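Written out below as C-alpha cells is the structure these notes cover.
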Protein chains: 2
Amino acid sequence: MSDTVKYLLEESRIPKRWYNIMADLPAPLPPVLHPGTKQPVGPDDLAPLFPMALIAQEVTQEREVEIPEPVREIYKQWRPSPLFRARRLEKALQTPAKIYYKYEGVSPAGSHKPNTAVAQAFYNKEAGVKKITTETGAGQWGSSLAFAGALFGIEVKVFMVRVSYNQKPYRRALMETYGAQCIPSPSPETQSGRAILAKNKEHPGSLGIAISEAVEVAATHDDTKYALGSVLNHVLMHQTVVGQEAMAQLEMAGDYPDVLVGCTGGGSNFAGLAFPFLGAQLRGGKKVRVVAIEPAACPSLTRGKYAYDFGDTGHLTPLVKMHTLGSTFTPPGFHAGGLRYHGMAPLVSHCKELGLLEARAYHQKAVFEAGVQFARTEGILPAPEANHAVKGAIDEALRCREEGKSRTILFNLCGHGHFDMQAYMDYFSGKLVDQHYDEAELAMALAGLPSVPIAA
Amino acid sequence: MSDTVKYLLEESRIPKRWYNIMADLPAPLPPVLHPGTKQPVGPDDLAPLFPMALIAQEVTQEREVEIPEPVREIYKQWRPSPLFRARRLEKALQTPAKIYYKYEGVSPAGSHKPNTAVAQAFYNKEAGVKKITTETGAGQWGSSLAFAGALFGIEVKVFMVRVSYNQKPYRRALMETYGAQCIPSPSPETQSGRAILAKNKEHPGSLGIAISEAVEVAATHDDTKYALGSVLNHVLMHQTVVGQEAMAQLEMAGDYPDVLVGCTGGGSNFAGLAFPFLGAQLRGGKKVRVVAIEPAACPSLTRGKYAYDFGDTGHLTPLVKMHTLGSTFTPPGFHAGGLRYHGMAPLVSHCKELGLLEARAYHQKAVFEAGVQFARTEGILPAPEANHAVKGAIDEALRCREEGKSRTILFNLCGHGHFDMQAYMDYFSGKLVDQHYDEAELAMALAGLPSVPIAA
C-alpha cells in the first residue's frame with residue numbers, strides 16, 4: 001500500500017552538457033527555409049530574433065553542448081528532479097510491468113519549461129538583451145519565462161492567447177507576480193494583431209497568432225529578442241537534462257526502459273526524455289520503443305502532413321519541415337492547452353519519419369480518467385497535458401498484463417495540474433467531452449501549405 | 001545573480017522519530033478539560049474521535065515517538081524537503097544577514113500539512129477506521145487529508161467553510177480528484193449545522209462551525225473518526241520532521257539560527273520548525289530567538305487572552321488553555337485563510353507564556369508586498385500564509401542591516417501559492433486592503449469565555 005520508490009541524484013549529477021541528437025541521426029534534418037527565397041536560412045536571418053549563442057545551438061552538429069555554470073546554478077533549485085517507480089499504480093493495474101515516471105512538476109513554475117527558459121534567459125542576458133517577447137497558450141511557458149526573466153533581470157512580455165487569458169486569470173497572475181507583462185492576443189500592439197482584430201474584434205486568438213505578434217515585436221525592436229518554449233532544436237536540446245537524469249536514475253534502479261512514453265504538443269518534454277535514450281540506441285545501445293501521445297483533437301503526428309510550413313499564423317517565421325495540420329488550422333478548445341499547436345518539432349517529426357518513434361492519439365475523457373487514477377494511487381495530480389502520457393503508460397502496462405509480459409515503462413510526468421483544476425471540475429461534472437476537429441477545415445489548411453521547390 | 005544554495009539530505013535521513021517538546025518544558029502543559037465536568041479528560045473521553053494511538057501521542061511525555069515505517073515510506077515521496085539559502089533575496093535587501101528557508105511546498109498537496117495527514121491516516125487505518133471527517137478553511141488541510149486518505153484507502157469527508165467553498169472551487173476540485181467528499185459548512189447534515197442554518201440560511205461559515213460539524217459526525221458514527229490539521233499536540237509533533245531536517249541541513253551549512261520565523265494560524269508549521277530548536281535550547285543548547293508571525297486581523301497571540309476555551313463554535317470539543325480571541329469571534333475575510341482561527345495551539349501558547357517565543361502581527365498588504373519580492377528574487381511564489389513568515393524574515397534581515405549585524409535567520413516557507421492566485425490578483429489590482437476586526441466583537445467574545453474553576 002505505502003511503498004514509495006524514489007530515485008534521487010546528488011546535485012553534482014545535474015548534467016554538465018545538453019545532448020544533441022543531430023550528431024547521431026542517420027540522416028540530416030531538412031534545412032529551415034527563408035519564406036521569401038525558399039533557400040536555407042543563415043544565422044543572419046535569425047539574428048533579429050535570437051542571440052547568436054542560441055542560433056549556434058539551433059544548427060550545431062556537436063553531440064554535446066556545455067551547460068553554462070549559471071544555468072546549472074539555477075537548475076539546482078529543483079534539479080535533479082525525482083524519478084519514481086509507480087508501485088501503487090502498478091498494483092492498481094495488476095500489471096507485471098514496471099512503471100517509472102520522471103517528475104518535472106517540482107520546478108517553481110510547475111513543469112519542465114524552466115529547463116529551457118532559464119537557459120534562454122541566460123544567453124539573452126549575456127548578449128545584453130533587455131527584453132524578451134514570447135507567446136503562451138495555457139500559460140506554462142509564459143510563466144516559466146517570467147520566472148527566468150525575474151532571476152536574470154530581463155523584462156518579459158507575453159502574448160497570451162485571448163481565450164486562455166480570459167479563462168486562466170491565475171496563470172496570468174503568476175506571470176505578473178514574477179514581474180512579466182501579459183497581453184491578450186490578438187492585440188492592437190502589432191500589425192499582425194491589428195489585422196486580425198480588424199476582421200473580428202472578438203477573435204479568441206491562437207498560438208499561431210500569438211507567435212506572430214511576439215516575433216513581430218522582437219523583429220522591430222533593437223533591444224528585444226524572442227523566445228519560443230518548444231519546437232526549435234535548441235529548446236528540445238535544453239530539455240535533454242530530463243532524459244539524461246532519468247537514465248542515471250534507472251541505472252541506480254538497475255533497470256532500462258523497454259518503452260518510453262511522453263505527451264507531444266510542440267514536442268519538447270517528449271524529446272527531452274526520449275532523445276538521450278534514442279541517441280544511445282543510435283550509437284548501438286539497446287532498442288527502445290518510443291511512443292508519442294498526442295490529443296486526438298490536434299493530431300499533428302498521426303493526421304498531419306510531413307511538409308514545409310510556417311510556425312505561425314501571420315507567416316512571419318521561416319519555413320520548417322514538420323508534421324503539420326496547416327498553419328491556418330484551429331484546433332477545438334480542449335483542456336490540454338499546451339498541446340494545441342498545428343505543428344510539431346522538426347526533430348521529432350524527422351525521428352518519426354526515420355522510424356525511431358511511433359505516435360498515438362487519445363481523446364480527452366479517457367485521458368482525464370487516467371489522470372484521476374494516477375492522482376488517487378500515486379498522490380500527484382498531473383497537468384492535463386501530462387495526463388496524455390499517463391494514459392499512454394497505463395495502456396502499455398495493461399498490454400503487458402494481457403500478454404503476461406513484464407516490460408519496463410518510463411514516462412515523463414511533465415507538470416502538475418494545480419493551475420488546471422477547472423479542467424478536472426469539468427471532467428467530474430460531465431462538461432468535459434471529447435472534441436473533434438473539423439475535417440473540412442483540416443483539408444483546407446493542408447491544401448494551403450506553402451509550396452517549396454527544393455527536394456528537402 | 002544566479003547562486004542557488006540548496007541543502008539536501010539523503011532519503012535515509014528522513015527523521016526516524018518525531019520530537020515531543022513536552023519532555024523538555026520547564027512547566028507542564030495545563031490539562032485539557034471536559035466541558036461538562038471541567039475536570040481533566042481521559043483517553044476514553046477522546047476515544048469516539050481519535051484512534052488510541054493518536055490519543056496516546058496527544059498526552060505522552062516521551063521525548064521521542066517512533067515514526068512508523070509506512071509513514072516514512074510515504075514521506076519519501078517529497079521528504080527530506082530542501083533547505084535553501086536565500087542569496088538573491090539577501091542581495092536585494094542589502095543585508096549582512098544570512099537568510100535560510102525550509103521549503104514545504106514540495107509535497108503533492110503543496111504544503112506542510114501532509115506531514116501529519118499521512119501519519120493520522122496511517123493510525124486510523126491501523127485501528128480499522130473506514131472514514132475520517134475533518135474541516136478545512138482555505139483548503140490546504142482538506143486536500144492534504146484527501147491525499148493521505150487516497151493512499152491508505154480511507155474515505156475522507158471534508159466540511160469546508162462555505163465562503164471558501166464558493167470562493168475556492170479549485171481547492172474543492174483537488175479534494176474531489178483525490179476521491180474525498182467536500183461539503184459546504186454549515187450544512188444540513190449535522191445538528192450543529194442545522195442550528196446555524198435555521199438562524200441564517202446564508203451563513204458564510206467559519207472554521208469553528210466546520211469543526212463542530214466534523215466532530216459531530218465522528219462522534220455519532222462508529223466507523224468514523226475525526227482528524228484535525230493543527231492545534232493539537234500530536235499534530236504539532238508530526239510536524240517536527242521539518243525542524244529536525246532543517247537542523248541537520250544547517251549543520252551541513254556549518255550554521256545555526258539566531259532567529260527562527262514562522263507564521264501561526266493554528267500553530268503547526270511554526271511549531272514543526274521551532275520545537276526541535278527550542279528543545280535543544282531547553283536541554284542546554286544555544287538560545288534562539290523565536291518569532292511567531294500572525295495576521296493583524298486575527299491576532300490570537302498578540303491580542304487574545306490566555307484562557308480555557310472551546311476549539312469550536314458549537315462547543316462540542318473539550319476545553320483547552322490557549323491564546324484565544326473567543327470561540328464566537330469571527331475574523332474578517334482576509335486572504336490567508338489558513339490563519340483565520342480564533343485560538344492557538346496550546347503548546348505554542350504555553351511556550352509563549354514561558355517566554356520561549358515572541359509574537360508579532362502584520363497587516364496583509366505588507367505581507368503580500370514581501371511575498372512578491374520573494375517570488376521575484378527566489379523564484380518561488382509563496383502561499384498567503386507563508387508570506388507572513390517571509391515578511392517576518394525580511395524585517396529581521398533589514399534590522400540586521402540597520403544594526404550592521406550579521407545574524408542567521410531561518411524561516412519556514414510552509415507552502416506554495418499556486419492555489420491562491422486570486423489573492424495576488426487582488427493585491428495587484430488594489431482590491432486587497434488591510435482589514436480590521438471589530439473591537440467590540442472581540443471584547444464580547446472574550447467576555448464570553450467559559451469559566452473554569454480549577455487553577456490551571
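Following the order of the C-alpha cells, first chain is A, next is B, and so on, with residues numbered from 1 inside each chain and ligands from 1 in the order they appear.
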
Given only C-alpha atoms, how would the per-residue table for region 294-314 of chain B near region 27-34 of chain B read, listing every residue at most 12 Å away with its closest atom pair and distance in Å to one decimal, sorted by chain and number, as a tab-separated table?
```
residue	atom	partner	partner_atom	distance
B:Tyr306	CA	B:Pro30	CA	11.3
B:Ala307	CA	B:Pro30	CA	10.3
B:Tyr308	CA	B:Leu33	CA	8.5
B:Asp309	CA	B:Leu33	CA	9.6
B:Phe310	CA	B:Leu33	CA	9.8
B:Gly311	CA	B:Val32	CA	11.0
```

Would you save the residues of that selection, restricted to N, CA and C atoms, as a PDB file, in the first residue's frame?
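Contents of result_12.pdb, as written:
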```
ATOM      1  N   TYR B 306      -4.997  34.413  27.294  1.00  0.00           N
ATOM      2  CA  TYR B 306      -4.539  33.049  27.582  1.00  0.00           C
ATOM      3  C   TYR B 306      -5.519  32.457  28.583  1.00  0.00           C
ATOM      4  N   ALA B 307      -6.403  31.618  28.096  1.00  0.00           N
ATOM      5  CA  ALA B 307      -7.516  31.152  28.930  1.00  0.00           C
ATOM      6  C   ALA B 307      -8.075  29.853  28.366  1.00  0.00           C
ATOM      7  N   TYR B 308      -8.874  29.169  29.174  1.00  0.00           N
ATOM      8  CA  TYR B 308      -9.553  27.979  28.673  1.00  0.00           C
ATOM      9  C   TYR B 308     -10.657  28.383  27.713  1.00  0.00           C
ATOM     10  N   ASP B 309     -10.721  27.676  26.594  1.00  0.00           N
ATOM     11  CA  ASP B 309     -11.771  27.974  25.621  1.00  0.00           C
ATOM     12  C   ASP B 309     -12.071  26.722  24.798  1.00  0.00           C
ATOM     13  N   PHE B 310     -13.189  26.780  24.131  1.00  0.00           N
ATOM     14  CA  PHE B 310     -13.550  25.708  23.204  1.00  0.00           C
ATOM     15  C   PHE B 310     -12.762  25.855  21.902  1.00  0.00           C
ATOM     16  N   GLY B 311     -12.501  24.727  21.262  1.00  0.00           N
ATOM     17  CA  GLY B 311     -11.839  24.755  19.967  1.00  0.00           C
ATOM     18  C   GLY B 311     -12.801  25.042  18.833  1.00  0.00           C
TER      19      GLY B 311
END
```

* Output as a ChimeraX atom specification all residues of region 164-279 of chain B that backbone DSSP marks as strand (DSSP E). => /B:181-185,224-226,259-263

Quick one: write out the picked residues with N, CA, C and O atoms as an mmCIF file, in the first residue's frame?
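As a result, again-v9.cif now contains:
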```cif
data_model
loop_
_atom_site.group_PDB
_atom_site.id
_atom_site.type_symbol
_atom_site.label_atom_id
_atom_site.label_comp_id
_atom_site.auth_asym_id
_atom_site.auth_seq_id
_atom_site.Cartn_x
_atom_site.Cartn_y
_atom_site.Cartn_z
ATOM 1 N N GLN B 181 -14.962 13.601 -0.236
ATOM 2 C CA GLN B 181 -16.235 14.294 -0.365
ATOM 3 C C GLN B 181 -16.100 15.647 0.321
ATOM 4 O O GLN B 181 -15.567 15.726 1.428
ATOM 5 N N CYS B 182 -16.560 16.690 -0.324
ATOM 6 C CA CYS B 182 -16.379 18.036 0.216
ATOM 7 C C CYS B 182 -17.752 18.695 0.343
ATOM 8 O O CYS B 182 -18.494 18.764 -0.636
ATOM 9 N N ILE B 183 -18.072 19.147 1.551
ATOM 10 C CA ILE B 183 -19.417 19.663 1.845
ATOM 11 C C ILE B 183 -19.316 21.085 2.384
ATOM 12 O O ILE B 183 -18.529 21.330 3.299
ATOM 13 N N PRO B 184 -20.109 22.012 1.839
ATOM 14 C CA PRO B 184 -20.053 23.376 2.380
ATOM 15 C C PRO B 184 -20.653 23.425 3.790
ATOM 16 O O PRO B 184 -21.701 22.836 4.039
ATOM 17 N N SER B 185 -19.945 24.099 4.682
ATOM 18 C CA SER B 185 -20.388 24.196 6.076
ATOM 19 C C SER B 185 -20.738 25.650 6.392
ATOM 20 O O SER B 185 -19.991 26.553 6.002
ATOM 21 N N THR B 224 -16.383 5.959 12.049
ATOM 22 C CA THR B 224 -15.853 7.242 11.602
ATOM 23 C C THR B 224 -15.066 7.926 12.718
ATOM 24 O O THR B 224 -15.517 7.969 13.855
ATOM 25 N N LYS B 225 -13.891 8.426 12.382
ATOM 26 C CA LYS B 225 -13.131 9.221 13.345
ATOM 27 C C LYS B 225 -12.949 10.619 12.778
ATOM 28 O O LYS B 225 -13.338 10.911 11.638
ATOM 29 N N TYR B 226 -12.327 11.455 13.582
ATOM 30 C CA TYR B 226 -12.150 12.857 13.248
ATOM 31 C C TYR B 226 -10.654 13.160 13.169
ATOM 32 O O TYR B 226 -9.847 12.532 13.861
ATOM 33 N N VAL B 259 17.798 33.496 14.736
ATOM 34 C CA VAL B 259 16.372 33.854 14.746
ATOM 35 C C VAL B 259 15.593 32.837 13.918
ATOM 36 O O VAL B 259 16.007 32.485 12.817
ATOM 37 N N LEU B 260 14.479 32.376 14.467
ATOM 38 C CA LEU B 260 13.567 31.495 13.740
ATOM 39 C C LEU B 260 12.270 32.237 13.507
ATOM 40 O O LEU B 260 11.768 32.915 14.405
ATOM 41 N N VAL B 261 11.704 32.097 12.306
ATOM 42 C CA VAL B 261 10.455 32.786 11.995
ATOM 43 C C VAL B 261 9.469 31.804 11.373
ATOM 44 O O VAL B 261 9.846 31.004 10.510
ATOM 45 N N GLY B 262 8.218 31.867 11.798
ATOM 46 C CA GLY B 262 7.167 31.067 11.179
ATOM 47 C C GLY B 262 5.853 31.802 11.276
ATOM 48 O O GLY B 262 5.696 32.690 12.119
ATOM 49 N N CYS B 263 4.914 31.452 10.408
ATOM 50 C CA CYS B 263 3.585 32.054 10.529
ATOM 51 C C CYS B 263 2.727 31.159 11.407
ATOM 52 O O CYS B 263 2.932 29.951 11.469
#
```

* Asked: Near chain B, which residues of chain A fall within 6 Å when you count only C-alpha atoms, and what do they look like as a PyMOL selection string?
  -> chain A and resi 2-4+70+73-74+108+150+170+173+178+376+380+421+425

* Asked: DSSP says alpha helix (DSSP H) for which residues of region 246-320 of chain B? Put them as a VMD selection string?
  -> chain B and resid 246 to 252 268 to 282 300 to 303

Would you export the selected residues with C-alpha atoms as a short mmCIF file (atom, residue, chain, number, x, y, z; two decimals), in the first residue's frame, please?
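Done, and the output landed in result-v5.cif:
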```
data_model
loop_
_atom_site.label_atom_id
_atom_site.label_comp_id
_atom_site.auth_asym_id
_atom_site.auth_seq_id
_atom_site.Cartn_x
_atom_site.Cartn_y
_atom_site.Cartn_z
CA ALA B 246 16.37 21.86 8.97
CA MET B 247 18.74 21.36 11.88
CA ALA B 248 20.66 18.67 10.01
CA GLN B 249 20.72 20.79 6.87
CA LEU B 250 22.06 23.84 8.71
CA GLU B 251 24.72 21.60 10.16
CA MET B 252 25.71 20.78 6.56
CA SER B 268 1.57 23.57 13.41
CA ASN B 269 4.03 24.69 10.72
CA PHE B 270 5.55 27.14 13.19
CA ALA B 271 5.93 24.54 15.92
CA GLY B 272 7.20 21.98 13.42
CA LEU B 273 10.13 24.23 12.61
CA ALA B 274 10.68 25.78 16.05
CA PHE B 275 10.18 23.00 18.60
CA PRO B 276 13.28 20.92 17.76
CA PHE B 277 15.42 24.08 18.12
CA LEU B 278 13.60 25.15 21.30
CA GLY B 279 14.09 21.65 22.68
CA ALA B 280 17.82 21.84 22.03
CA GLN B 281 17.87 25.19 23.80
CA LEU B 282 15.91 23.83 26.77
CA SER B 300 -4.68 35.41 18.92
CA LEU B 301 -1.11 35.51 20.27
CA THR B 302 -0.78 39.30 20.39
CA ARG B 303 -4.32 40.33 21.33
#
```

* Asked: Quick one, how far is CA of Val215 (chain B) from CA of Gly314 (chain B)?
  -> 9.7 Å

* Asked: CA of His342 (chain B) to CA of Gly326 (chain B): how many Å, to one decimal?
  -> 6.2 Å

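Summary of the local environment: counting only C-alpha atoms, residues at most 10 Å from Lys405 (chain A), other than itself and those fewer than 6 positions away along its chain, are Thr95, Pro96, Ala97, Ala397, Leu398 and Arg399 of chain A.
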
* Asked: Mind pulling up the distance from CA of Gln244 (chain A) to CA of Gly392 (chain A)?
  -> 21.3 Å

* Skip region 45-60 of chain A itself and residues of its chain fewer than 3 positions away, then list as a PyMOL selection string all residues within 6 Å of it, counting only C-alpha atoms. => chain A and resi 42+124+218-219+225-226+233-234

* To do: Skip Lys38 (chain A) itself and residues of its chain fewer than 2 positions away, then list as an MDAnalysis selection string all residues within 8 Å of it, counting only C-alpha atoms.
  => chainID A and resid 33:36 40 319 452:454
